[in-house]
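Undergrad: Hey, dropping coords.cif in here, mmCIF, C-alpha atoms and all ligand atoms:
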```cif
data_protein
loop_
_atom_site.label_atom_id
_atom_site.label_comp_id
_atom_site.auth_asym_id
_atom_site.auth_seq_id
_atom_site.Cartn_x
_atom_site.Cartn_y
_atom_site.Cartn_z
CA MET A 22 42.99 33.37 62.96
CA LEU A 23 44.25 29.81 63.65
CA LYS A 24 44.77 27.19 60.99
CA ALA A 25 46.09 23.64 61.33
CA ASP A 26 46.71 21.71 58.14
CA ASN A 27 47.20 17.93 58.05
CA VAL A 28 48.98 17.86 61.35
CA SER A 29 50.53 14.60 62.60
CA ALA A 30 52.03 14.09 66.02
CA ALA A 31 53.29 11.16 68.04
CA TYR A 32 54.35 10.12 71.51
CA GLY A 33 57.47 8.08 70.85
CA LYS A 34 56.42 5.69 68.12
CA ALA A 35 52.71 5.93 68.82
CA LEU A 36 51.00 8.18 66.32
CA ALA A 37 48.34 10.21 68.13
CA LEU A 38 47.38 12.64 65.36
CA LYS A 39 47.34 11.55 61.74
CA GLU A 40 45.55 14.19 59.74
CA VAL A 41 44.17 16.95 61.81
CA SER A 42 43.00 20.00 59.94
CA LEU A 43 40.98 22.74 61.51
CA LYS A 44 40.56 26.45 61.52
CA VAL A 45 39.25 28.96 63.98
CA GLU A 46 38.10 32.37 62.78
CA LYS A 47 38.36 35.49 64.90
CA GLY A 48 35.37 35.80 67.23
CA GLU A 49 34.27 32.18 66.96
CA ILE A 50 33.70 29.48 69.53
CA VAL A 51 34.86 26.24 67.93
CA SER A 52 34.66 22.90 69.63
CA LEU A 53 36.61 19.75 69.05
CA ILE A 54 34.61 16.71 70.06
CA GLY A 55 35.63 13.07 70.16
CA ALA A 56 35.90 10.02 72.35
CA ASN A 57 38.52 9.50 75.03
CA GLY A 58 41.88 8.97 73.30
CA ALA A 59 40.77 10.48 69.98
CA GLY A 60 43.50 13.11 70.02
CA LYS A 61 41.79 16.27 71.30
CA THR A 62 44.37 17.04 73.99
CA THR A 63 47.22 16.26 71.62
CA ALA A 64 45.81 18.69 69.06
CA LEU A 65 45.73 21.47 71.66
CA ARG A 66 49.26 20.57 72.80
CA VAL A 67 50.56 20.89 69.27
CA ILE A 68 48.93 24.30 68.89
CA SER A 69 50.35 25.58 72.19
CA GLY A 70 53.84 24.29 71.37
CA MET A 71 54.04 21.59 74.02
CA ILE A 72 54.49 18.96 71.29
CA ARG A 73 56.20 19.44 67.94
CA PRO A 74 54.21 18.06 65.03
CA LEU A 75 55.86 15.43 62.82
CA LYS A 76 54.16 16.87 59.78
CA GLY A 77 51.78 19.60 58.84
CA GLU A 78 51.53 23.31 59.43
CA VAL A 79 49.98 25.47 62.13
CA THR A 80 49.55 29.18 61.50
CA PHE A 81 48.24 31.93 63.77
CA GLU A 82 47.27 35.28 62.26
CA GLY A 83 48.94 34.17 59.04
CA LYS A 84 52.32 33.17 60.51
CA SER A 85 53.67 29.72 61.20
CA ILE A 86 53.95 28.95 64.90
CA VAL A 87 55.52 25.50 64.50
CA GLY A 88 58.76 25.32 66.45
CA LEU A 89 57.98 28.22 68.79
CA GLU A 90 58.32 27.56 72.51
CA PRO A 91 55.14 27.41 74.61
CA TYR A 92 55.92 30.74 76.31
CA GLN A 93 56.34 32.39 72.91
CA ILE A 94 53.01 31.02 71.77
CA ALA A 95 51.39 32.27 74.98
CA SER A 96 52.98 35.68 74.41
CA ILE A 97 51.37 36.03 71.00
CA GLY A 98 47.96 35.41 72.56
CA ILE A 99 47.26 31.67 72.48
CA ILE A 100 46.43 30.64 76.03
CA HIS A 101 45.96 26.97 76.81
CA VAL A 102 43.94 25.96 79.88
CA PRO A 103 45.05 22.33 80.15
CA GLU A 104 43.13 19.22 81.11
CA GLY A 105 43.61 18.96 84.86
CA ARG A 106 43.47 22.77 85.03
CA GLY A 107 47.14 23.67 85.49
CA LEU A 108 46.69 25.52 88.78
CA PHE A 109 49.26 26.07 91.51
CA PRO A 110 47.50 24.29 94.40
CA GLU A 111 49.73 25.80 97.11
CA MET A 112 49.09 29.34 95.94
CA THR A 113 46.01 31.42 96.66
CA VAL A 114 43.23 32.15 94.20
CA ARG A 115 44.54 35.68 93.75
CA GLU A 116 48.13 34.52 93.24
CA ASN A 117 47.02 32.01 90.61
CA LEU A 118 45.21 34.77 88.75
CA GLU A 119 48.30 36.96 88.96
CA MET A 120 50.42 34.10 87.59
CA GLY A 121 48.06 34.00 84.62
CA ALA A 122 49.10 37.55 83.78
CA PHE A 123 52.82 36.82 84.16
CA LEU A 124 53.76 37.11 80.47
CA ARG A 125 51.77 40.24 79.77
CA THR A 126 53.37 43.46 78.72
CA ASP A 127 50.21 45.58 78.97
CA LYS A 128 50.38 45.69 82.77
CA ASP A 129 47.88 48.58 82.95
CA SER A 130 44.95 46.45 81.86
CA ILE A 131 45.56 43.65 84.35
CA SER A 132 43.38 45.08 87.13
CA GLU A 133 40.53 45.58 84.67
CA ASP A 134 40.74 41.94 83.62
CA LEU A 135 40.86 40.85 87.25
CA GLU A 136 37.59 42.70 87.79
CA PHE A 137 36.13 40.98 84.71
CA VAL A 138 37.13 37.54 86.05
CA TYR A 139 35.62 38.38 89.44
CA SER A 140 32.42 39.55 87.75
CA LEU A 141 32.17 36.23 85.89
CA PHE A 142 32.94 34.21 89.00
CA PRO A 143 32.11 36.18 92.18
CA VAL A 144 33.02 33.12 94.25
CA LEU A 145 36.66 33.62 93.26
CA LYS A 146 36.61 37.09 94.75
CA GLU A 147 35.09 35.76 97.96
CA ARG A 148 37.82 33.11 98.10
CA GLU A 149 40.65 35.34 96.93
CA LYS A 150 42.94 34.32 99.81
CA GLN A 151 42.08 30.63 99.82
CA LEU A 152 44.63 28.10 98.53
CA ALA A 153 43.66 26.88 95.06
CA GLY A 154 44.15 23.25 96.06
CA THR A 155 41.37 23.53 98.66
CA LEU A 156 38.71 24.76 96.20
CA SER A 157 35.94 22.46 94.96
CA GLY A 158 36.26 20.97 91.47
CA GLY A 159 33.88 23.53 89.99
CA GLU A 160 35.67 26.44 91.64
CA GLN A 161 39.01 25.12 90.40
CA GLN A 162 37.67 25.02 86.86
CA MET A 163 36.44 28.61 87.24
CA LEU A 164 39.86 29.60 88.52
CA ALA A 165 41.57 27.83 85.61
CA ILE A 166 39.42 29.74 83.12
CA GLY A 167 40.00 32.96 85.06
CA LYS A 168 43.75 32.37 85.08
CA GLY A 169 43.59 31.80 81.32
CA LEU A 170 41.70 35.07 80.85
CA MET A 171 44.32 36.93 82.88
CA GLY A 172 46.77 36.09 80.10
CA ASN A 173 44.72 38.38 77.81
CA PRO A 174 44.13 35.69 75.19
CA LYS A 175 43.30 36.31 71.57
CA LEU A 176 42.61 32.60 71.37
CA LEU A 177 41.60 30.81 74.55
CA MET A 178 41.94 27.01 74.36
CA LEU A 179 40.06 25.03 76.98
CA ASP A 180 40.68 21.31 77.41
CA GLU A 181 37.70 19.39 78.86
CA PRO A 182 36.28 22.22 80.97
CA SER A 183 33.36 20.01 82.05
CA LEU A 184 35.43 17.05 83.22
CA GLY A 185 34.35 15.75 86.62
CA LEU A 186 31.76 18.47 87.23
CA ALA A 187 28.14 18.05 88.29
CA PRO A 188 25.60 18.82 85.51
CA MET A 189 24.60 22.19 86.98
CA LEU A 190 28.21 23.33 87.04
CA VAL A 191 28.75 22.07 83.51
CA ASP A 192 25.89 24.35 82.40
CA LYS A 193 27.39 27.27 84.28
CA ILE A 194 30.86 26.73 82.75
CA PHE A 195 29.48 26.62 79.20
CA GLU A 196 27.24 29.65 79.82
CA THR A 197 30.34 31.49 80.94
CA ILE A 198 32.29 30.41 77.85
CA VAL A 199 29.54 31.92 75.69
CA GLN A 200 29.50 35.06 77.88
CA ILE A 201 33.28 35.55 77.57
CA ASN A 202 33.00 35.23 73.79
CA LYS A 203 30.10 37.73 73.63
CA GLU A 204 31.37 40.31 76.11
CA LYS A 205 35.11 40.23 75.42
CA GLY A 206 35.03 38.95 71.85
CA THR A 207 37.57 36.30 72.82
CA THR A 208 37.99 33.55 70.25
CA ILE A 209 37.65 30.15 71.92
CA LEU A 210 38.64 26.59 71.00
CA VAL A 211 37.18 23.95 73.34
CA ALA A 212 38.14 20.27 73.39
CA GLU A 213 35.29 18.42 75.01
CA GLN A 214 33.91 14.91 75.45
CA ASN A 215 30.51 16.26 76.43
CA ALA A 216 29.40 16.58 72.81
CA TYR A 217 25.95 17.94 73.60
CA MET A 218 27.26 20.90 75.61
CA ALA A 219 30.09 21.51 73.17
CA LEU A 220 27.82 21.53 70.13
CA THR A 221 25.05 23.64 71.66
CA SER A 222 27.55 26.30 72.78
CA ALA A 223 29.81 26.50 69.72
CA HIS A 224 29.44 28.28 66.40
CA ARG A 225 31.30 25.47 64.65
CA ALA A 226 32.76 22.13 65.60
CA TYR A 227 35.03 19.33 64.44
CA VAL A 228 34.72 15.64 65.19
CA ILE A 229 38.02 13.87 65.78
CA GLU A 230 38.30 10.08 65.60
CA ASN A 231 41.56 8.15 66.02
CA GLY A 232 43.70 11.19 65.33
CA VAL A 233 41.82 12.33 62.23
CA THR A 234 39.34 15.19 61.94
CA VAL A 235 36.50 13.40 60.19
CA MET A 236 33.68 15.92 60.21
CA GLU A 237 33.08 19.64 60.42
CA GLY A 238 29.97 21.75 60.65
CA THR A 239 28.03 24.29 62.62
CA GLY A 240 26.98 23.15 66.06
CA GLU A 241 23.44 22.81 64.76
CA GLU A 242 24.45 20.75 61.72
CA LEU A 243 26.42 18.30 63.82
CA LEU A 244 23.66 18.04 66.45
CA GLY A 245 21.40 16.89 63.62
CA ASN A 246 23.93 14.56 62.01
CA GLU A 247 23.06 10.86 62.18
CA HIS A 248 26.60 9.63 62.94
CA VAL A 249 27.15 12.29 65.62
CA ARG A 250 23.80 11.51 67.21
CA LYS A 251 24.53 7.80 67.42
CA ALA A 252 28.21 7.94 68.37
CA TYR A 253 28.34 11.00 70.63
CA LEU A 254 24.87 11.92 71.79
CA GLY A 255 23.43 8.46 72.42
CA ILE A 256 20.23 9.16 70.48
N1 LIG B 301 51.83 11.49 77.28
C1 LIG B 301 51.47 10.51 76.43
N2 LIG B 301 52.31 9.50 76.14
C2 LIG B 301 51.95 8.51 75.30
N3 LIG B 301 50.77 8.46 74.67
C3 LIG B 301 49.89 9.44 74.91
C4 LIG B 301 50.19 10.50 75.81
N4 LIG B 301 49.12 11.34 75.86
C5 LIG B 301 48.20 10.80 75.03
N5 LIG B 301 48.66 9.66 74.46
C6 LIG B 301 47.93 8.83 73.47
O1 LIG B 301 47.63 9.62 72.35
C7 LIG B 301 46.32 9.36 71.88
C8 LIG B 301 45.49 10.63 71.90
O2 LIG B 301 45.31 11.04 73.25
P1 LIG B 301 44.69 12.42 73.68
O3 LIG B 301 45.16 13.49 72.77
O4 LIG B 301 44.97 12.59 75.13
O5 LIG B 301 43.14 12.15 73.43
P2 LIG B 301 41.85 12.88 74.01
O6 LIG B 301 42.27 14.17 74.60
O7 LIG B 301 40.95 13.02 72.84
O8 LIG B 301 41.28 11.95 75.03
C9 LIG B 301 45.77 8.24 72.76
O9 LIG B 301 45.99 7.03 72.10
C10 LIG B 301 46.59 8.36 74.01
O10 LIG B 301 46.71 7.11 74.65
MG MG B 302 42.01 14.95 76.48
#
```
Here is a file; write its structure as structure tokens.
Ligand SMILES: Nc1ncnc2c1ncn2[C@@H]1O[C@H](COP(=O)(O)OP(=O)(O)O)[C@@H](O)[C@H]1O
Ligand SMILES: [Mg+2]

TA:
Amino acid sequence: MLKADNVSAAYGKALALKEVSLKVEKGEIVSLIGANGAGKTTALRVISGMIRPLKGEVTFEGKSIVGLEPYQIASIGIIHVPEGRGLFPEMTVRENLEMGAFLRTDKDSISEDLEFVYSLFPVLKEREKQLAGTLSGGEQQMLAIGKGLMGNPKLLMLDEPSLGLAPMLVDKIFETIVQINKEKGTTILVAEQNAYMALTSAHRAYVIENGVTVMEGTGEELLGNEHVRKAYLGI
């Protein structure tokens, strides 16, 4: 479904991605793990069109998406839930969810998807009229995922969904990621520093170090890999 081949990207003169190659097949949950500064966010930004790559190719459903604007990439079904969640803090929960559906042309299915989001996260329904900026961190992350789902993604990209959350909420977020994939069949790419959660929840994963994808495997393979265990799992 998605394929990135030898992608390089930079901020000014600072090279952030050197050789990133990865693919995501339809129906998969794939995670991208790596230390802070490794290039996870940059990789997602290249895919969603926020940054143009210096080199390399990115294709989605067989077509190059390099050079498309972010809204065009969102329109073809790649929805990016950014680090920091990308919510409108002065708008209500409901309004944020509606904004998530802004680019959709299949307006008839929007109310169905709203019900799905509310079934995943009943607290969002209870707080429908509350301003997003006044939600707790966990609720904001739920809203960010919900807003992403309202865009009817073929590929949902989540950047650090566990960041700043208490362990119980981290579990809940990853359980929900698996549930979305199972119930909706949504393909998901997750960038995540919490390697344990990312690897136990994903079908496959990539390890990124200093802007290079250095390892690939099933979640299980990487959980058992010596280097991954030492560098990312602390065992
Ligand atoms: N807006 C930016 N301007 C300049 N450098 C950046 C910017 N964002 C990230 N970088 C740099 O790019 C590299 C990769 O960062 P990033 O993709 O955010 O890593 P990760 O998400 O894995 O923590 C780091 O060296 C980081 O300092
Ligand atoms: Mg990041």

Undergrad: Pick the closest to A:Tyr217 from A:Leu184, A:Ile94, A:Leu244, A:Met22: which is it, counting only C-alpha atoms?

TA: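 Closest to A:Tyr217 of all the choices is A:Leu244.
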
Undergrad: What residues of the protein or nucleic acid chains come within 9 Å of ligand LIG 301 (chain B) when you use all atoms listed in the file? Reply as a VMD selection string.

TA: chain A and resid 30 to 38 53 to 66 104 180 to 181 212 to 214 229 to 232

Undergrad: Work out how far atom CA of A:Gly154 is from atom CA of A:Val138, in Å to one decimal.

TA: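 Spanning atom CA of A:Val138 to atom CA of A:Gly154 is a straight-line distance of 18.8 Å.
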
Undergrad: Got a sec: who's within 12 Å of A:Gly255, counting all atoms listed in the file, leaving out chain neighbours fewer than 6 positions off, as a list in words?

TA: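 Contacts, with the query itself left out: Asn215, Ala216, Tyr217, Leu244, Glu247, His248 and Val249 of chain A.
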
Undergrad: Please indicate the distance in Å from atom CA of A:Met120 to atom CA of A:Ile100, rounded to one decimal place.

TA: 12.7 Å

Undergrad: As a count of residues only, please: the residues near A:Val41 (cut-off 9 Å, only C-alpha atoms, same-chain neighbours under 2 positions excluded).

TA: 15

Undergrad: Which one of A:Ala165, A:Val211, A:Leu220, A:Ile68 sits closest to ligand MG 302 (chain B) if you count all atoms listed in the file?

TA: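 The answer is A:Val211, which sits nearest to ligand MG 302 (chain B).
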
Undergrad: Given all atoms listed in the file as the basis, pick out the residue of A:Pro103, A:Ser222, A:Phe137, A:Val45 nearest to ligand MG 302 (chain B).

TA: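 Closest to ligand MG 302 (chain B) of all the choices is A:Pro103.
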
Undergrad: Write out as a PyMOL selection string which residues come within 7 Å of A:Gly169 when counting only C-alpha atoms, dropping same-chain ones fewer than 2 positions away.

TA: chain A and resi 100+102+121+165-167+171-172

Undergrad: Let's have the selection written as a PDB file, in the frame of the given file, with C-alpha atoms.

TA:
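Output below, filename result-v9.pdb:
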```
ATOM      1  CA  ILE A 100      46.430  30.640  76.030  1.00  0.00           C
ATOM      2  CA  VAL A 102      43.940  25.960  79.880  1.00  0.00           C
ATOM      3  CA  GLY A 121      48.060  34.000  84.620  1.00  0.00           C
ATOM      4  CA  ALA A 165      41.570  27.830  85.610  1.00  0.00           C
ATOM      5  CA  ILE A 166      39.420  29.740  83.120  1.00  0.00           C
ATOM      6  CA  GLY A 167      40.000  32.960  85.060  1.00  0.00           C
ATOM      7  CA  MET A 171      44.320  36.930  82.880  1.00  0.00           C
ATOM      8  CA  GLY A 172      46.770  36.090  80.100  1.00  0.00           C
TER       9      GLY A 172
END
```

Undergrad: Here is a test: counting all atoms listed in the file, which residue of A:Leu164, A:Leu179, A:Ile99, A:Leu124 is nearest to ligand MG 302 (chain B)?

TA: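 So, comparing all the options, the nearest one is A:Leu179.
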
Undergrad: In Å, with one decimal, what is the gap from atom CA of A:Val51 to atom CA of A:Ile201?

TA: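 Taking atom CA of A:Val51 as the start and atom CA of A:Ile201 as the end point, the length is 13.5 Å.
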
Undergrad: Which is closest to A:His224 among A:Ile86, A:Leu210, A:Met236, A:Ile72, if we use all atoms listed in the file?

TA: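 Ranked by minimum distance to A:His224, first place goes to A:Leu210.
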
Undergrad: Identify which of the residues A:Ser42, A:Pro182, A:Arg148, A:Ile194 lies closest to A:Arg106, counting all atoms listed in the file when measuring atom-to-atom distances.

TA: A:Pro182

Undergrad: What lies within 7 Å of A:Thr239 using all atoms listed in the file, ignoring chain neighbours under 2 positions off, as a JSON list (two decimals) with C-alpha atoms, keeping the file's coordinate frame?

TA:
```
[["chain", "number", "residue", "atom", "x", "y", "z"],
["A", 224, "HIS", "CA", 29.44, 28.28, 66.40],
["A", 225, "ARG", "CA", 31.30, 25.47, 64.65],
["A", 226, "ALA", "CA", 32.76, 22.13, 65.60],
["A", 241, "GLU", "CA", 23.44, 22.81, 64.76],
["A", 242, "GLU", "CA", 24.45, 20.75, 61.72],
["A", 243, "LEU", "CA", 26.42, 18.30, 63.82]]
```
